[in-house]
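Novice: Dropping in query09.csv, with CSV, C-alpha atoms.
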```
chain,number,residue,atom,x,y,z
A,63,MET,CA,129.8,-102.1,88.2
A,64,ILE,CA,126.6,-101.0,86.6
A,65,ARG,CA,128.0,-101.2,83.1
A,66,LEU,CA,129.4,-104.6,83.9
A,67,SER,CA,126.1,-105.9,85.2
A,68,ALA,CA,124.2,-104.5,82.3
A,69,SER,CA,126.7,-106.0,79.8
A,70,PHE,CA,126.4,-109.4,81.5
A,71,ALA,CA,122.7,-109.3,81.3
A,72,VAL,CA,122.6,-108.4,77.7
A,73,LEU,CA,125.2,-111.1,76.8
A,74,VAL,CA,123.5,-113.8,78.7
A,75,SER,CA,120.1,-112.9,77.1
A,76,LEU,CA,121.5,-112.8,73.6
A,77,ALA,CA,123.4,-116.0,74.0
A,78,ALA,CA,120.3,-117.8,75.3
A,79,PHE,CA,118.1,-116.4,72.6
A,80,ALA,CA,120.7,-117.2,69.9
A,81,ALA,CA,120.9,-120.9,70.9
A,82,GLU,CA,119.1,-123.0,68.4
A,83,PRO,CA,117.0,-125.9,69.6
A,84,SER,CA,118.8,-129.2,69.2
A,85,VAL,CA,118.4,-132.8,70.3
A,86,THR,CA,120.6,-135.8,70.2
A,87,VAL,CA,119.3,-139.1,68.8
A,88,GLN,CA,120.8,-142.5,68.4
A,89,ALA,CA,120.3,-143.8,64.9
A,90,ASP,CA,120.9,-147.5,64.3
A,91,VAL,CA,120.7,-149.2,60.9
A,92,VAL,CA,119.5,-152.8,61.4
A,93,PHE,CA,119.6,-155.6,58.9
A,94,ALA,CA,116.9,-158.1,59.4
A,95,SER,CA,116.2,-161.3,57.6
A,96,THR,CA,113.9,-164.3,57.9
A,97,ALA,CA,116.8,-166.5,56.9
A,98,PRO,CA,118.2,-168.5,59.7
A,99,GLY,CA,121.0,-166.8,61.6
A,100,SER,CA,121.6,-165.0,64.8
A,101,VAL,CA,120.0,-162.1,66.5
A,102,ASP,CA,122.1,-159.5,68.1
A,103,PRO,CA,121.2,-159.6,71.9
A,104,SER,CA,120.5,-155.9,71.8
A,105,LEU,CA,117.8,-156.5,69.2
A,106,THR,CA,115.8,-159.2,70.8
A,107,LYS,CA,113.3,-156.8,72.1
A,108,MET,CA,112.8,-155.4,68.6
A,109,ARG,CA,112.6,-158.9,67.2
A,110,ASP,CA,109.9,-159.8,69.7
A,111,ALA,CA,108.0,-156.6,68.9
A,112,MET,CA,108.0,-157.4,65.2
A,113,ALA,CA,107.3,-161.1,65.6
A,114,PRO,CA,103.5,-160.7,65.1
A,115,LYS,CA,104.2,-159.3,61.7
A,116,VAL,CA,107.4,-160.9,60.6
A,117,LYS,CA,109.5,-163.5,62.3
A,118,TYR,CA,113.0,-162.3,61.7
A,119,LEU,CA,115.7,-165.0,62.5
A,120,THR,CA,118.6,-162.8,61.7
A,121,MET,CA,119.1,-159.3,63.0
A,122,LYS,CA,122.3,-157.3,63.3
A,123,LYS,CA,123.3,-153.7,63.6
A,124,VAL,CA,125.1,-152.6,60.5
A,125,ASP,CA,125.6,-148.9,61.6
A,126,SER,CA,125.1,-146.9,64.7
A,127,LYS,CA,125.4,-143.2,65.0
A,128,LYS,CA,124.7,-140.6,67.5
A,129,LEU,CA,123.4,-137.5,65.7
A,130,ASP,CA,123.1,-134.0,67.0
A,131,LEU,CA,120.0,-132.7,65.3
A,132,VAL,CA,119.7,-128.9,64.9
A,133,GLN,CA,116.4,-127.5,64.0
A,134,ASN,CA,115.6,-127.7,60.2
A,135,ARG,CA,119.0,-129.1,59.3
A,136,ALA,CA,118.8,-132.6,57.8
A,137,GLN,CA,121.3,-135.2,58.9
A,138,THR,CA,122.0,-137.9,56.4
A,139,ILE,CA,122.8,-141.5,57.1
A,140,ALA,CA,124.2,-143.7,54.5
A,141,LEU,CA,122.5,-147.1,54.1
A,142,PRO,CA,124.1,-150.4,53.0
A,143,ASN,CA,121.7,-150.4,50.0
A,144,GLN,CA,123.4,-147.3,48.5
A,145,LYS,CA,120.5,-145.2,49.6
A,146,THR,CA,120.3,-142.7,52.4
A,147,ALA,CA,118.0,-141.8,55.3
A,148,GLU,CA,117.5,-138.4,56.6
A,149,LEU,CA,116.7,-137.1,60.1
A,150,THR,CA,115.5,-133.5,60.7
A,151,LEU,CA,114.6,-131.8,63.9
A,152,GLN,CA,111.4,-129.8,63.3
A,153,GLN,CA,110.9,-128.3,66.7
A,154,VAL,CA,111.2,-128.7,70.4
A,155,ASN,CA,108.0,-127.5,72.1
A,156,ASP,CA,107.6,-126.0,75.5
A,157,ASP,CA,107.0,-129.4,77.1
A,158,ASN,CA,110.4,-130.5,75.9
A,159,VAL,CA,109.0,-132.8,73.3
A,160,ALA,CA,111.0,-132.8,70.0
A,161,THR,CA,109.4,-133.4,66.7
A,162,VAL,CA,111.6,-135.2,64.2
A,163,LYS,CA,111.1,-136.0,60.6
A,164,VAL,CA,112.4,-139.3,59.4
A,165,LYS,CA,112.9,-140.0,55.7
A,166,THR,CA,114.0,-143.4,54.5
A,167,PRO,CA,113.8,-144.9,51.0
A,168,SER,CA,110.5,-146.5,52.1
A,169,VAL,CA,108.7,-144.0,54.2
A,170,GLU,CA,108.6,-140.5,55.4
A,171,ALA,CA,107.3,-139.9,58.9
A,172,VAL,CA,107.0,-137.1,61.4
A,173,TYR,CA,107.0,-138.2,65.1
A,174,SER,CA,107.7,-137.0,68.6
A,175,LEU,CA,110.6,-138.4,70.5
A,176,ALA,CA,109.8,-140.1,73.8
A,177,LYS,CA,112.0,-141.0,76.8
A,178,ASP,CA,113.7,-144.4,76.3
A,179,LYS,CA,111.4,-145.2,73.4
A,180,THR,CA,112.3,-146.1,69.8
A,181,LEU,CA,110.8,-145.6,66.4
A,182,SER,CA,111.6,-148.3,63.8
A,183,ALA,CA,111.1,-147.3,60.2
A,184,PRO,CA,111.7,-149.5,57.2
A,185,ALA,CA,114.7,-148.4,55.1
A,186,GLY,CA,114.5,-150.7,52.1
A,187,ALA,CA,115.6,-154.1,51.1
A,188,ASN,CA,119.2,-155.3,51.0
A,189,ASP,CA,121.0,-158.5,50.6
A,190,GLY,CA,117.9,-160.7,50.8
A,191,GLY,CA,116.6,-159.0,53.9
A,192,ASP,CA,115.2,-155.7,55.2
A,193,LEU,CA,116.9,-152.6,56.5
A,194,TRP,CA,115.4,-150.8,59.4
A,195,LEU,CA,116.3,-147.4,60.8
A,196,VAL,CA,115.8,-147.4,64.5
A,197,VAL,CA,115.8,-144.0,66.2
A,198,SER,CA,116.1,-143.9,70.0
A,199,GLN,CA,117.3,-141.8,72.9
A,200,PRO,CA,121.1,-142.1,73.3
A,201,LYS,CA,122.1,-144.1,76.4
B,172,MET,CA,177.2,-68.7,158.4
B,173,LYS,CA,174.2,-70.5,157.3
B,174,ASN,CA,171.4,-68.8,155.5
B,175,PRO,CA,168.2,-70.6,156.6
B,176,ALA,CA,166.3,-69.3,153.6
B,177,ARG,CA,168.9,-70.6,151.2
B,178,GLU,CA,168.8,-73.9,153.0
B,179,LYS,CA,165.1,-74.0,152.4
B,180,PHE,CA,165.2,-73.1,148.7
B,181,LEU,CA,168.4,-75.0,147.8
B,182,PRO,CA,166.5,-78.3,146.9
B,183,MET,CA,164.1,-76.3,144.7
B,184,LEU,CA,166.7,-74.6,142.5
B,185,SER,CA,167.4,-77.5,140.2
B,186,PRO,CA,163.6,-78.2,139.7
B,187,TYR,CA,163.2,-74.5,139.1
B,188,VAL,CA,165.7,-74.5,136.3
B,189,ASP,CA,164.1,-77.6,134.8
B,190,GLY,CA,160.6,-76.0,135.0
B,191,GLU,CA,159.3,-78.6,137.4
B,192,LEU,CA,157.8,-76.3,140.0
B,193,THR,CA,154.3,-75.1,140.5
B,194,PRO,CA,153.5,-71.5,139.7
B,195,GLU,CA,153.3,-70.7,143.5
B,196,GLU,CA,156.7,-72.4,144.2
B,197,ARG,CA,158.2,-70.8,141.2
B,198,GLN,CA,157.1,-67.3,142.5
B,199,LEU,CA,158.6,-68.1,145.9
B,200,VAL,CA,161.9,-69.2,144.4
B,201,GLU,CA,162.1,-66.1,142.2
B,202,GLN,CA,161.6,-63.9,145.3
B,203,HIS,CA,164.3,-65.8,147.0
B,204,LEU,CA,166.7,-65.5,144.0
B,205,ALA,CA,166.1,-61.7,144.0
B,206,ASN,CA,167.5,-61.6,147.6
B,207,SER,CA,170.2,-64.3,147.5
B,208,LYS,CA,173.1,-63.7,145.2
B,209,GLU,CA,174.5,-67.2,146.0
B,210,SER,CA,171.3,-68.9,145.0
B,211,ALA,CA,171.1,-66.8,141.8
B,212,ALA,CA,174.6,-67.7,140.9
B,213,GLN,CA,173.9,-71.4,141.5
B,214,VAL,CA,170.8,-71.1,139.2
B,215,ALA,CA,173.0,-69.5,136.6
B,216,ASP,CA,175.5,-72.4,137.0
B,217,PHE,CA,172.6,-74.9,136.6
B,218,ARG,CA,171.4,-73.1,133.4
B,219,ALA,CA,174.9,-73.0,132.0
B,220,ALA,CA,175.4,-76.7,132.7
B,221,ASP,CA,172.0,-77.5,131.2
B,222,GLY,CA,172.9,-75.5,128.1
B,223,LEU,CA,176.2,-77.3,127.7
B,224,MET,CA,174.6,-80.7,128.2
B,225,ARG,CA,171.9,-79.9,125.7
B,226,HIS,CA,174.4,-78.7,123.2
B,227,ALA,CA,176.5,-81.8,123.7
B,228,LEU,CA,173.6,-84.1,123.2
B,229,GLU,CA,172.5,-82.2,120.1
B,230,MET,CA,176.0,-82.6,118.7
B,231,GLN,CA,175.9,-86.3,119.5
B,232,ALA,CA,172.5,-86.7,118.0
B,233,ASP,CA,173.6,-84.9,114.8
B,234,SER,CA,176.5,-87.2,114.4
B,235,MET,CA,174.3,-90.3,114.5
B,236,ASP,CA,172.5,-91.9,111.5
B,237,TRP,CA,168.9,-92.0,112.5
B,238,LYS,CA,167.6,-93.5,109.2
B,239,ALA,CA,167.7,-97.1,110.5
B,240,PHE,CA,166.0,-95.9,113.7
B,241,ALA,CA,163.3,-94.1,111.7
B,242,ASP,CA,162.8,-97.1,109.5
B,243,ASP,CA,162.6,-99.4,112.5
B,244,VAL,CA,160.0,-97.2,114.1
B,245,MET,CA,158.0,-96.8,111.0
B,246,ALA,CA,158.0,-100.6,110.5
B,247,LYS,CA,156.5,-101.0,113.9
B,248,VAL,CA,154.0,-98.2,113.3
B,249,THR,CA,152.9,-99.6,109.9
B,250,PRO,CA,149.9,-101.9,110.5
B,251,GLU,CA,150.1,-105.6,109.6
B,252,LYS,CA,148.4,-106.7,106.4
B,253,LEU,CA,144.9,-107.8,107.3
B,254,PRO,CA,143.5,-111.2,106.5
B,255,LEU,CA,141.6,-111.5,103.2
B,256,PHE,CA,138.2,-111.8,104.9
B,257,GLU,CA,138.9,-108.7,107.0
B,258,ARG,CA,140.0,-106.8,104.0
B,259,LEU,CA,136.9,-107.8,102.1
B,260,LYS,CA,134.7,-106.9,105.1
B,261,LEU,CA,136.5,-103.5,105.2
B,262,SER,CA,136.1,-102.9,101.5
B,263,LEU,CA,132.4,-103.8,101.6
B,264,SER,CA,131.9,-101.6,104.6
B,265,GLU,CA,133.5,-98.7,102.8
B,266,MET,CA,131.5,-99.4,99.7
B,267,PHE,CA,128.3,-99.4,101.6
B,268,THR,CA,129.3,-96.3,103.4
B,269,TYR,CA,130.6,-94.2,100.5
B,270,GLN,CA,129.2,-95.7,97.3
B,271,ARG,CA,125.8,-96.9,98.4
B,272,GLY,CA,123.9,-95.5,95.4
B,273,PRO,CA,126.0,-97.0,92.7
B,274,LEU,CA,126.3,-100.2,94.6
B,275,MET,CA,122.5,-100.6,94.9
B,276,VAL,CA,122.0,-99.9,91.2
B,277,GLY,CA,124.7,-102.5,90.5
B,278,PHE,CA,122.9,-105.1,92.6
B,279,ALA,CA,119.6,-104.2,91.0
B,280,ALA,CA,121.1,-104.7,87.5
B,281,ALA,CA,122.7,-108.0,88.5
B,282,ALA,CA,119.4,-109.2,89.9
B,283,LEU,CA,117.6,-108.2,86.7
B,284,ALA,CA,120.3,-110.1,84.7
B,285,VAL,CA,119.6,-113.2,86.8
B,286,LEU,CA,115.9,-112.8,86.5
B,287,ILE,CA,116.2,-112.6,82.7
B,288,ALA,CA,118.9,-115.2,82.3
B,289,VAL,CA,117.6,-118.0,84.5
B,290,PRO,CA,114.2,-118.5,82.8
B,291,VAL,CA,115.7,-118.1,79.4
B,292,THR,CA,118.5,-120.5,80.0
B,293,MET,CA,116.2,-122.9,81.6
B,294,LYS,CA,114.0,-122.8,78.6
B,295,PHE,CA,116.7,-123.3,76.1
B,296,ALA,CA,119.3,-125.1,78.3
B,297,THR,CA,119.9,-128.5,76.8
B,298,PRO,CA,116.4,-129.5,76.0
B,299,ASP,CA,116.9,-133.1,75.4
B,300,GLY,CA,113.6,-133.3,73.5
B,301,TYR,CA,112.5,-136.5,75.2
B,302,GLY,CA,109.8,-135.0,77.4
B,303,ALA,CA,107.1,-137.4,76.0
B,304,SER,CA,106.4,-140.7,77.6
B,305,LYS,CA,105.6,-142.5,74.4
B,306,VAL,CA,106.3,-142.2,70.7
B,307,GLN,CA,103.6,-140.4,68.8
B,308,VAL,CA,103.7,-140.6,65.0
B,309,GLN,CA,102.0,-137.5,63.6
B,310,MET,CA,102.4,-138.2,59.9
B,311,VAL,CA,103.7,-141.0,57.8
B,312,SER,CA,103.6,-141.4,54.1
B,313,VAL,CA,104.7,-143.6,51.2
B,314,LYS,CA,104.6,-143.3,47.5
B,315,ASP,CA,101.2,-142.5,46.1
B,316,THR,CA,100.2,-145.9,44.7
B,317,SER,CA,97.1,-147.7,45.5
B,318,SER,CA,98.9,-150.9,46.5
B,319,PHE,CA,101.0,-149.6,49.4
B,320,LYS,CA,100.3,-147.9,52.6
B,321,PRO,CA,102.1,-147.3,55.9
B,322,VAL,CA,100.8,-148.7,59.1
B,323,VAL,CA,102.1,-147.6,62.5
B,324,MET,CA,102.2,-150.2,65.2
B,325,GLU,CA,102.6,-149.2,68.7
B,326,THR,CA,104.2,-151.8,70.9
B,327,ASP,CA,103.3,-152.6,74.5
B,328,THR,CA,106.4,-150.8,75.7
B,329,GLY,CA,105.5,-147.5,74.0
B,330,ASP,CA,107.8,-147.9,71.0
B,331,ALA,CA,106.5,-147.5,67.5
B,332,ILE,CA,107.2,-149.5,64.3
B,333,ILE,CA,106.2,-148.3,60.9
B,334,TRP,CA,105.2,-151.0,58.5
B,335,VAL,CA,104.7,-150.6,54.8
B,336,VAL,CA,102.0,-152.9,53.7
B,337,GLU,CA,100.5,-153.9,50.4
B,338,SER,CA,96.9,-153.1,50.5
B,339,THR,CA,94.2,-155.6,49.6
B,340,PRO,CA,92.0,-154.7,46.6
B,341,ASP,CA,89.4,-153.0,48.9
B,342,GLY,CA,92.0,-150.5,49.9
B,343,GLY,CA,93.4,-152.2,53.0
B,344,LYS,CA,92.4,-152.0,56.6
B,345,LYS,CA,94.0,-150.3,59.5
B,346,LYS,CA,96.1,-152.8,61.6
B,347,LYS,CA,96.1,-153.2,65.3
B,348,ASP,CA,99.0,-154.1,67.4
B,349,GLY,CA,100.0,-157.7,67.1
B,350,GLU,CA,97.2,-158.4,64.7
B,351,HIS,CA,97.9,-160.4,61.6
B,352,SER,CA,96.4,-159.1,58.4
B,353,GLU,CA,95.9,-160.1,54.9
B,354,GLU,CA,98.0,-157.1,53.9
B,355,THR,CA,101.5,-158.0,52.7
B,356,LEU,CA,104.5,-156.5,54.3
B,357,THR,CA,106.9,-154.9,51.9
B,358,GLN,CA,110.0,-152.8,52.1
B,359,ASP,CA,110.2,-151.0,48.8
B,360,PRO,CA,107.2,-149.0,48.0
B,361,PRO,CA,107.7,-145.9,45.9
B,362,LEU,CA,107.8,-142.8,48.1
B,363,ASP,CA,105.8,-139.8,47.0
B,364,GLY,CA,103.6,-138.8,49.8
B,365,LYS,CA,100.7,-141.0,50.3
B,366,GLN,CA,99.6,-140.7,53.9
B,367,GLY,CA,98.7,-143.9,55.7
B,368,ASP,CA,96.8,-144.9,58.8
B,369,LEU,CA,98.2,-143.7,62.1
```
Give the structure from this file in structure tokens form.
Specialist:
Amino acid sequence: MIRLSASFAVLVSLAAFAAEPSVTVQADVVFASTAPGSVDPSLTKMRDAMAPKVKYLTMKKVDSKKLDLVQNRAQTIALPNQKTAELTLQQVNDDNVATVKVKTPSVEAVYSLAKDKTLSAPAGANDGGDLWLVVSQPK
Amino acid sequence: MKNPAREKFLPMLSPYVDGELTPEERQLVEQHLANSKESAAQVADFRAADGLMRHALEMQADSMDWKAFADDVMAKVTPEKLPLFERLKLSLSEMFTYQRGPLMVGFAAAALAVLIAVPVTMKFATPDGYGASKVQVQMVSVKDTSSFKPVVMETDTGDAIIWVVESTPDGGKKKKDGEHSEETLTQDPPLDGKQGDL
């Protein structure tokens, strides 16, 4: 009984300490263009948010992935412009706030994830428009 | 000719042989037997008959197979299997009675395991990483050229958009949400680590 309890305690503790921090993110690659076209209904909020800067008339998701980010291990996303974007979990702090590094052909940013919030980062030009990497909390 | 004493002791002779009399009665009968040859002979007859009967019964008993009888009796004697709850209760009762020390140590170890495991697993158990209420960009950079700079725009809903802008000759100005600027939006600046406005 004693040995069993002690073994259980040790195993649970080791398993818990051995677990690496990880988070799951939704990474969408969006093509946006000012050329006349249609806007994916799920992107109208993004279009409206960007409207003060650029009035995109065409917006569509070209890729959508759910990525499990493990600390300090970069996950790569292939982009339609033959380039790649990278997402890396840097840390998850005690307040359950994850810090993620996003690297696209255009920018490199470090930011903290937020509940139901998105980060849109430019990911280069393609086919007469712009590519955006949109990182959000998975639904 | 009738013997009044024999008449009196006659009903007591059979119980005497069977050992059913009180010590006082037995003593009286034995005194009577010492004086009455007839009664003594009758007692001898009773004992002989008793011996014969016992012997006959023993022979009859030896000839019978008592195994089934024994099994039947033992089956009735063996207690029925208790319900699970009763057995657990009994086991626990015995453990508390005879193994109290080891049991308490075991409980203490289990409690310690829970005390260690719960906080640790709560700390690391599926942290979704979305504890913040709004996106906070801590660092953003583009290539180190004088003509490009990143600008972070926070939307009304708490989202964040990173724009790469071409700076004006004076080095560019920090943009505010929804504010148009003379800076030119671009998508393809070289990327080598210039940090922009946050």
Novice: Mind listing as a short mmCIF file (atom, residue, chain, number, x, y, z; two decimals) with C-alpha atoms, in the coordinates of the input which residues of chain B are within 6 Å of chain A, counting all atoms listed in the file?
Specialist:
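So selection_34.cif came out as:
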```
data_model
loop_
_atom_site.label_atom_id
_atom_site.label_comp_id
_atom_site.auth_asym_id
_atom_site.auth_seq_id
_atom_site.Cartn_x
_atom_site.Cartn_y
_atom_site.Cartn_z
CA GLY B 277 124.70 -102.50 90.50
CA ALA B 280 121.10 -104.70 87.50
CA ALA B 281 122.70 -108.00 88.50
CA ALA B 284 120.30 -110.10 84.70
CA ALA B 288 118.90 -115.20 82.30
CA THR B 292 118.50 -120.50 80.00
CA ASP B 299 116.90 -133.10 75.40
CA GLY B 300 113.60 -133.30 73.50
CA TYR B 301 112.50 -136.50 75.20
CA GLY B 302 109.80 -135.00 77.40
CA ALA B 303 107.10 -137.40 76.00
CA SER B 304 106.40 -140.70 77.60
CA LYS B 305 105.60 -142.50 74.40
CA VAL B 306 106.30 -142.20 70.70
CA GLN B 307 103.60 -140.40 68.80
CA VAL B 308 103.70 -140.60 65.00
CA GLN B 309 102.00 -137.50 63.60
CA MET B 310 102.40 -138.20 59.90
CA VAL B 311 103.70 -141.00 57.80
CA SER B 312 103.60 -141.40 54.10
CA VAL B 313 104.70 -143.60 51.20
CA ASP B 330 107.80 -147.90 71.00
CA ALA B 331 106.50 -147.50 67.50
CA ILE B 332 107.20 -149.50 64.30
CA ILE B 333 106.20 -148.30 60.90
CA GLY B 349 100.00 -157.70 67.10
CA GLN B 358 110.00 -152.80 52.10
CA ASP B 359 110.20 -151.00 48.80
CA PRO B 360 107.20 -149.00 48.00
#
```
Novice: If I take CA of Met235 in chain B and CA of Ala219 in chain B, how far is one from the other in Å, to one decimal?
Specialist: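 The value is 24.6 Å.
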Novice: State, in Å with one decimal place, the distance from CA of Pro103 in chain A to CA of Lys201 in chain A.
Specialist: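 Computing the Euclidean distance for CA of Pro103 in chain A and CA of Lys201 in chain A yields 16.2 Å.
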Novice: Could you state the separation of CA of Leu105 in chain A and CA of Gly329 in chain B in Å, given to one decimal place?
Specialist: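 Computing it gives 16.0 Å between the two atoms.
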Novice: Leaving out range 186-200 of chain B and any residue of its chain fewer than 6 positions from it, which residues lie within 10 Å of it when counting all atoms listed in the file, given as a short mmCIF file (atom, residue, chain, number, x, y, z; two decimals) with C-alpha atoms, in the coordinates of the input?
Specialist:
```cif
data_model
loop_
_atom_site.label_atom_id
_atom_site.label_comp_id
_atom_site.auth_asym_id
_atom_site.auth_seq_id
_atom_site.Cartn_x
_atom_site.Cartn_y
_atom_site.Cartn_z
CA ARG B 177 168.90 -70.60 151.20
CA LYS B 179 165.10 -74.00 152.40
CA PHE B 180 165.20 -73.10 148.70
CA ASN B 206 167.50 -61.60 147.60
CA SER B 210 171.30 -68.90 145.00
CA ALA B 211 171.10 -66.80 141.80
CA VAL B 214 170.80 -71.10 139.20
CA ALA B 215 173.00 -69.50 136.60
CA PHE B 217 172.60 -74.90 136.60
CA ARG B 218 171.40 -73.10 133.40
CA ASP B 221 172.00 -77.50 131.20
#
```
Novice: Which one of A:Tyr118, A:Ala147, A:Asp189, A:Ala89 sits closest to Asp130 in chain A if you count only C-alpha atoms?
Specialist: A:Ala89
Novice: Please, can range 231-242 of chain B be completed to N, CA, C and O atoms and returned as a tab-separated table (two decimals), in the coordinates of the input?
Specialist:
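part.tsv was written with the following content:
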```
chain	number	residue	atom	x	y	z
B	231	GLN	N	175.86	-84.80	119.60
B	231	GLN	CA	175.90	-86.30	119.50
B	231	GLN	C	174.79	-86.80	118.63
B	231	GLN	O	174.98	-87.73	117.84
B	232	ALA	N	173.64	-86.21	118.79
B	232	ALA	CA	172.50	-86.70	118.00
B	232	ALA	C	172.72	-86.38	116.51
B	232	ALA	O	172.39	-87.21	115.65
B	233	ASP	N	173.31	-85.22	116.21
B	233	ASP	CA	173.60	-84.90	114.80
B	233	ASP	C	174.56	-85.85	114.17
B	233	ASP	O	174.50	-86.13	112.97
B	234	SER	N	175.47	-86.34	114.99
B	234	SER	CA	176.50	-87.20	114.40
B	234	SER	C	175.98	-88.62	114.17
B	234	SER	O	176.59	-89.41	113.47
B	235	MET	N	174.83	-88.95	114.72
B	235	MET	CA	174.30	-90.30	114.50
B	235	MET	C	173.44	-90.41	113.28
B	235	MET	O	172.83	-89.43	112.86
B	236	ASP	N	173.40	-91.63	112.68
B	236	ASP	CA	172.50	-91.90	111.50
B	236	ASP	C	171.21	-92.42	112.05
B	236	ASP	O	171.13	-93.55	112.54
B	237	TRP	N	170.19	-91.61	111.93
B	237	TRP	CA	168.90	-92.00	112.50
B	237	TRP	C	167.96	-92.69	111.47
B	237	TRP	O	166.84	-93.02	111.80
B	238	LYS	N	168.47	-92.91	110.25
B	238	LYS	CA	167.60	-93.50	109.20
B	238	LYS	C	167.11	-94.89	109.62
B	238	LYS	O	165.93	-95.20	109.52
B	239	ALA	N	168.09	-95.70	110.10
B	239	ALA	CA	167.70	-97.10	110.50
B	239	ALA	C	166.69	-97.02	111.63
B	239	ALA	O	165.72	-97.79	111.65
B	240	PHE	N	166.95	-96.07	112.56
B	240	PHE	CA	166.00	-95.90	113.70
B	240	PHE	C	164.62	-95.55	113.19
B	240	PHE	O	163.62	-96.12	113.61
B	241	ALA	N	164.60	-94.60	112.25
B	241	ALA	CA	163.30	-94.10	111.70
B	241	ALA	C	162.60	-95.26	110.99
B	241	ALA	O	161.39	-95.48	111.16
B	242	ASP	N	163.37	-96.00	110.19
B	242	ASP	CA	162.80	-97.10	109.50
B	242	ASP	C	162.21	-98.16	110.43
B	242	ASP	O	161.13	-98.72	110.22
```
